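For reference, the structure discussed in these notes is given below.
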Amino acid sequence: MAVKVIIPTPLRVYAGKKDSAEVSAQTVGEALGGLTTQYTELRKHLFTEDGKLRSFVNVYLNDEDIRYMAKEATPVKDGDVVSIVPSIAGGNHCGR
Amino acid sequence: MATKTQSPIANAPATSLSNEEILRYSRHLIMPEVGMEGQLKLKNAKVLLIGTGGLGAPLGLYLAAAGVGKLGLVDFDVVDFTNLQRQVTFGTSDVGKHKSAAAQARLSNLNPDIEVLSFETQLTSGNALELFKDFDIIVDGTDNFPTRYLVNDACILLGKPNVYGSIFRFEGQATVFGTPDGPCYRCLYPEPPPPGLVPSCAEGGVLGVLPGIVGSIQAMETIKLILGAGDSLAGRLLLFDALGMKFRELKLRKNPDCPMCGKNRTIHQLIDYYEFCGVRGEEAPAPDLQVPEMTPRELQSRLDRGDDLYILDVREPHEYQICNIKGHLLPLGELPRRVHELDSSREIVAHCRSGKRSAEAVDFLRKAGFRKIHNLKGGILAWSDEVDPSVPKY
């Protein structure tokens, strides 16, 4: 299944500055796995060392939070959109 | 699903508007969705703004202009020149003044019929409940994770709605938390992100108009809450991408296991939010790296003496365009794969804006075998202060 993964602004720096990527996958977990194979630097921002999705990373399939579906095992179909929605606080983190 | 907006304001006490107020609010009064009843609800409403910066600017201006009867402004910060690009409440003559006081003066001038209160203080676990209790709606226009969790928890403890907005570079988020059946901030983000996910200043910055748009959305949601009009953003997360000019909407569910607003609440009082976020959050500063340093004055005298020094600028190309001291540009992020471009037999002085990125560069290069290398102490900011004031600071 061909799905689109939307990459949020804070993570674009690890994804060749792209705002989205097309990947082929059967589940949300595979879609994110495909994305991190394409952009290896993204992996540590999305997954823990033992391969679990990090708890502060929110992932949506279309407009639904996968935590209320089958999580990473949620099946996808052609044309679905997977969104990574990070926590953003505002501007006050730049002191360098 | 959209939820009907429910006003937290009880039916407005019997009161009336003066002739001047009727004239001022005539464009509201002639709309049936507001009318005299709605305008009186606005007049009786008490709204507390946390932060008077980028988001707080349109919030304060529009809520004051709309006739919200009591506006509280919480900010401990002072206006500086870098604020003026987006914090449109302030003028150049406000630089150096306390933000909450400067905003209070501006909003009182915009609408003398309302009460504007300035709280020149940092919101803390010690004062939040006391500050919030006299207000109907809390609006979160802050810029850091600890305060966002604090605002959320205090709102849930007191049962007050929290109108949320957040921005990063050219992307924004908005929703309403803490309505009677709606989710809270912890339902959406149970934990703050670790330092690795918090952008560094090479990726920092914000497009000035963005907080104007997101703050205006918050102002609209606040007014809808007061009026009890339309469909609230509660239960929906609005995502805004300014570059693509796209609005998207995601479903936001109340987490039944939420430690704050779930059935089996485990948090019953305000906690230490710096500790909560600091362990994993952005507030934990990287320990200062111990690397050999050179002061700007030392560098200047070495250069004046004609010493052969290689100046390495590890900032980004767009920063080099702002100002430079004729160093060789090699951004920190590219250093590992371009290290062969550097000659380890030459004496190198690395610099960035303030000295932190270049300390990482020096640390990296020392581990790669470079021995004659120094970090310019204080970066280009210190160079401007101590050697050449014609170099602009940013």
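Starting from 1 in every chain, residues are counted up; chains themselves are A, B, ... following the order of the structure tokens, and ligands are numbered from 1 as listed.
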
Residues near B:Leu330, cut-off 12 Å, only C-alpha atoms, skip fewer than 3 positions along chain, as a ChimeraX atom specification: /B:311-317,319-320,327,333-342,350-352,357-358,361

Restricting the output to N, CA and C atoms, write the selected residues as a compact mmCIF listing (two decimals), in the first residue's frame.
```txt
# COMPACT_ATOMS: atom_id res chain seq x y z
N ILE B 311 40.57 30.62 11.04
CA ILE B 311 39.33 30.89 11.77
C ILE B 311 38.21 30.04 11.17
N LEU B 312 37.64 29.20 12.02
CA LEU B 312 36.62 28.25 11.58
C LEU B 312 35.26 28.69 12.14
N ASP B 313 34.34 29.02 11.24
CA ASP B 313 33.00 29.48 11.63
C ASP B 313 32.04 28.30 11.46
N VAL B 314 31.50 27.78 12.59
CA VAL B 314 30.67 26.57 12.51
C VAL B 314 29.18 26.88 12.50
N ARG B 315 28.82 28.14 12.21
CA ARG B 315 27.40 28.48 12.15
C ARG B 315 26.80 28.04 10.80
N GLU B 316 25.54 28.41 10.57
CA GLU B 316 24.86 28.07 9.32
C GLU B 316 25.12 29.18 8.28
N PRO B 317 25.01 28.84 6.99
CA PRO B 317 25.26 29.86 5.95
C PRO B 317 24.39 31.11 6.11
N GLU B 319 23.40 32.44 8.78
CA GLU B 319 23.91 33.25 9.88
C GLU B 319 25.17 34.00 9.44
N TYR B 320 25.95 33.35 8.57
CA TYR B 320 27.17 33.98 8.05
C TYR B 320 26.82 35.26 7.30
N GLY B 327 35.72 34.21 8.83
CA GLY B 327 36.15 32.84 9.08
C GLY B 327 35.78 31.95 7.90
N GLY B 333 26.91 20.75 11.80
CA GLY B 333 26.28 19.50 11.36
C GLY B 333 27.03 18.80 10.22
N GLU B 334 27.86 19.58 9.48
CA GLU B 334 28.58 18.99 8.35
C GLU B 334 30.01 18.61 8.70
N LEU B 335 30.40 18.96 9.94
CA LEU B 335 31.79 18.77 10.33
C LEU B 335 32.26 17.32 10.20
N PRO B 336 31.46 16.34 10.70
CA PRO B 336 31.95 14.96 10.64
C PRO B 336 32.33 14.50 9.22
N ARG B 337 31.51 14.87 8.22
CA ARG B 337 31.85 14.35 6.88
C ARG B 337 32.78 15.28 6.10
N ARG B 338 33.05 16.48 6.64
CA ARG B 338 33.95 17.40 5.92
C ARG B 338 35.24 17.67 6.69
N VAL B 339 35.47 16.84 7.72
CA VAL B 339 36.63 17.10 8.58
C VAL B 339 37.94 17.06 7.80
N HIS B 340 37.98 16.29 6.71
CA HIS B 340 39.21 16.19 5.91
C HIS B 340 39.59 17.51 5.25
N GLU B 341 38.64 18.46 5.19
CA GLU B 341 38.95 19.76 4.59
C GLU B 341 39.84 20.61 5.50
N LEU B 342 39.95 20.19 6.77
CA LEU B 342 40.73 20.98 7.72
C LEU B 342 42.15 20.42 7.85
N ALA B 350 37.93 28.13 16.51
CA ALA B 350 36.55 27.89 16.06
C ALA B 350 35.63 28.86 16.77
N HIS B 351 34.61 29.32 16.05
CA HIS B 351 33.63 30.19 16.71
C HIS B 351 32.23 29.95 16.15
N CYS B 352 31.22 30.36 16.95
CA CYS B 352 29.82 30.36 16.48
C CYS B 352 29.21 31.68 16.96
N ARG B 357 28.06 25.99 20.18
CA ARG B 357 28.24 25.06 19.06
C ARG B 357 29.72 24.86 18.75
N SER B 358 30.49 25.97 18.84
CA SER B 358 31.91 25.83 18.52
C SER B 358 32.65 25.01 19.57
N ALA B 361 32.25 21.66 18.41
CA ALA B 361 33.13 21.45 17.26
C ALA B 361 34.57 21.19 17.73
```

At a cut-off of 7 Å, list the chain B residues touching chain A, using only C-alpha atoms, as a short mmCIF file (atom, residue, chain, number, x, y, z; two decimals) with C-alpha atoms, in the first residue's frame.
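Output below, filename result_24.cif:
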```
data_model
loop_
_atom_site.label_atom_id
_atom_site.label_comp_id
_atom_site.auth_asym_id
_atom_site.auth_seq_id
_atom_site.Cartn_x
_atom_site.Cartn_y
_atom_site.Cartn_z
CA THR B 142 3.80 30.54 26.85
CA ASP B 143 6.99 29.39 25.18
CA ASN B 144 8.24 26.45 27.25
CA PHE B 145 7.21 22.96 28.31
CA SER B 166 1.84 26.74 20.21
CA ILE B 167 4.25 27.62 17.43
CA PHE B 168 7.52 26.53 15.90
CA GLU B 171 4.05 25.60 12.06
CA TYR B 189 1.25 14.75 25.26
CA PRO B 190 1.67 12.54 28.36
CA GLU B 191 5.39 13.41 28.56
CA PRO B 192 7.64 16.23 27.44
CA PRO B 193 10.19 15.40 24.73
CA LEU B 197 13.97 16.28 19.97
CA PRO B 199 15.59 21.93 18.13
CA SER B 200 18.86 23.78 18.50
CA CYS B 201 19.31 27.34 17.39
CA GLY B 204 15.31 27.96 15.64
CA GLY B 205 13.46 31.13 14.84
CA VAL B 206 9.84 31.91 14.08
CA GLU B 249 -7.51 18.84 11.92
CA LEU B 250 -6.91 15.76 14.07
CA LYS B 251 -9.24 14.09 16.55
CA ARG B 353 27.30 32.90 17.75
CA SER B 354 27.77 32.45 21.49
CA LYS B 356 28.37 26.63 22.51
CA ARG B 357 28.24 25.06 19.06
#
```

Pairwise distance for atom CA of B:Arg253 and atom CA of B:Met220, rounded to one decimal in Å: 21.9 Å

Which residues of stretch 41-81 of chain A have any atom within 10 Å of an atom in stretch 20-31 of chain A when counting only C-alpha atoms, and what is the closest pair of atoms for each, with the distance in Å to one decimal? Order the rows by chain and rising number and write it as a Markdown table.
```
| residue | atom | partner | partner_atom | distance |
| --- | --- | --- | --- | --- |
| A:Lys52 | CA | A:Gly29 | CA | 9.6 |
| A:Leu53 | CA | A:Gly29 | CA | 8.5 |
| A:Val59 | CA | A:Val28 | CA | 8.6 |
| A:Tyr60 | CA | A:Val28 | CA | 8.8 |
| A:Leu61 | CA | A:Val28 | CA | 7.4 |
| A:Ile66 | CA | A:Val28 | CA | 8.3 |
| A:Ala70 | CA | A:Val28 | CA | 9.2 |
| A:Lys71 | CA | A:Val28 | CA | 7.7 |
| A:Glu72 | CA | A:Gly29 | CA | 4.3 |
| A:Ala73 | CA | A:Thr27 | CA | 5.5 |
| A:Thr74 | CA | A:Thr27 | CA | 5.4 |
| A:Pro75 | CA | A:Thr27 | CA | 4.2 |
| A:Val76 | CA | A:Thr27 | CA | 5.1 |
| A:Lys77 | CA | A:Gln26 | CA | 7.3 |
| A:Asp78 | CA | A:Ser24 | CA | 8.9 |
| A:Gly79 | CA | A:Glu22 | CA | 9.7 |
| A:Asp80 | CA | A:Val28 | CA | 9.8 |
| A:Val81 | CA | A:Glu22 | CA | 9.4 |
```

Just to be explicit: take each residue in the selection above, keep N, CA and C atoms, and write the result as a PDB file, in the first residue's frame.
```pdb
ATOM      1  N   LYS A  52      10.801   0.378  20.037  1.00  0.00           N
ATOM      2  CA  LYS A  52       9.429   0.805  20.373  1.00  0.00           C
ATOM      3  C   LYS A  52       9.241   2.271  20.006  1.00  0.00           C
ATOM      4  N   LEU A  53       8.032   2.601  19.574  1.00  0.00           N
ATOM      5  CA  LEU A  53       7.721   3.994  19.283  1.00  0.00           C
ATOM      6  C   LEU A  53       7.822   4.803  20.583  1.00  0.00           C
ATOM      7  N   VAL A  59       1.372   9.717  16.753  1.00  0.00           N
ATOM      8  CA  VAL A  59       1.219   9.332  15.358  1.00  0.00           C
ATOM      9  C   VAL A  59      -0.262   9.192  15.040  1.00  0.00           C
ATOM     10  N   TYR A  60      -0.657   9.795  13.936  1.00  0.00           N
ATOM     11  CA  TYR A  60      -2.048   9.748  13.511  1.00  0.00           C
ATOM     12  C   TYR A  60      -2.154   9.045  12.169  1.00  0.00           C
ATOM     13  N   LEU A  61      -3.191   8.222  12.016  1.00  0.00           N
ATOM     14  CA  LEU A  61      -3.540   7.684  10.702  1.00  0.00           C
ATOM     15  C   LEU A  61      -4.750   8.485  10.254  1.00  0.00           C
ATOM     16  N   ILE A  66      -3.320   6.772  16.608  1.00  0.00           N
ATOM     17  CA  ILE A  66      -3.178   5.307  16.561  1.00  0.00           C
ATOM     18  C   ILE A  66      -3.195   4.666  17.946  1.00  0.00           C
ATOM     19  N   ALA A  70      -5.045   0.241  16.560  1.00  0.00           N
ATOM     20  CA  ALA A  70      -4.211  -0.914  16.916  1.00  0.00           C
ATOM     21  C   ALA A  70      -2.745  -0.515  17.051  1.00  0.00           C
ATOM     22  N   LYS A  71      -2.519   0.746  17.462  1.00  0.00           N
ATOM     23  CA  LYS A  71      -1.169   1.297  17.585  1.00  0.00           C
ATOM     24  C   LYS A  71      -0.360   1.056  16.305  1.00  0.00           C
ATOM     25  N   GLU A  72       0.912   0.606  16.466  1.00  0.00           N
ATOM     26  CA  GLU A  72       1.740   0.457  15.269  1.00  0.00           C
ATOM     27  C   GLU A  72       1.241  -0.638  14.315  1.00  0.00           C
ATOM     28  N   ALA A  73       0.417  -1.540  14.840  1.00  0.00           N
ATOM     29  CA  ALA A  73      -0.097  -2.633  13.994  1.00  0.00           C
ATOM     30  C   ALA A  73      -1.323  -2.199  13.182  1.00  0.00           C
ATOM     31  N   THR A  74      -1.747  -0.951  13.348  1.00  0.00           N
ATOM     32  CA  THR A  74      -2.916  -0.468  12.612  1.00  0.00           C
ATOM     33  C   THR A  74      -2.689  -0.617  11.105  1.00  0.00           C
ATOM     34  N   PRO A  75      -3.571  -1.341  10.402  1.00  0.00           N
ATOM     35  CA  PRO A  75      -3.378  -1.518   8.968  1.00  0.00           C
ATOM     36  C   PRO A  75      -3.628  -0.224   8.189  1.00  0.00           C
ATOM     37  N   VAL A  76      -2.908  -0.078   7.091  1.00  0.00           N
ATOM     38  CA  VAL A  76      -3.100   1.106   6.245  1.00  0.00           C
ATOM     39  C   VAL A  76      -3.595   0.664   4.872  1.00  0.00           C
ATOM     40  N   LYS A  77      -4.243   1.610   4.170  1.00  0.00           N
ATOM     41  CA  LYS A  77      -4.648   1.323   2.804  1.00  0.00           C
ATOM     42  C   LYS A  77      -4.116   2.406   1.872  1.00  0.00           C
ATOM     43  N   ASP A  78      -4.173   2.120   0.585  1.00  0.00           N
ATOM     44  CA  ASP A  78      -3.662   3.063  -0.403  1.00  0.00           C
ATOM     45  C   ASP A  78      -4.228   4.463  -0.179  1.00  0.00           C
ATOM     46  N   GLY A  79      -3.334   5.440  -0.217  1.00  0.00           N
ATOM     47  CA  GLY A  79      -3.796   6.820  -0.122  1.00  0.00           C
ATOM     48  C   GLY A  79      -3.934   7.340   1.298  1.00  0.00           C
ATOM     49  N   ASP A  80      -3.688   6.482   2.298  1.00  0.00           N
ATOM     50  CA  ASP A  80      -3.758   6.945   3.680  1.00  0.00           C
ATOM     51  C   ASP A  80      -2.627   7.940   3.980  1.00  0.00           C
ATOM     52  N   VAL A  81      -2.889   8.774   4.982  1.00  0.00           N
ATOM     53  CA  VAL A  81      -1.877   9.746   5.404  1.00  0.00           C
ATOM     54  C   VAL A  81      -1.506   9.461   6.858  1.00  0.00           C
TER      55      VAL A  81
END
```

If you run DSSP on the backbone, which residues of stretch 15-45 of chain A are strand (DSSP E or B), as a compact mmCIF listing (two decimals) with C-alpha atoms, in the first residue's frame?
```
# COMPACT_ATOMS: atom_id res chain seq x y z
CA SER A 20 6.52 14.39 3.49
CA ALA A 21 7.56 11.04 2.06
CA GLU A 22 5.81 8.29 0.12
CA VAL A 23 6.37 4.81 1.51
CA SER A 24 5.00 1.37 0.84
CA THR A 27 0.78 -1.06 8.79
```
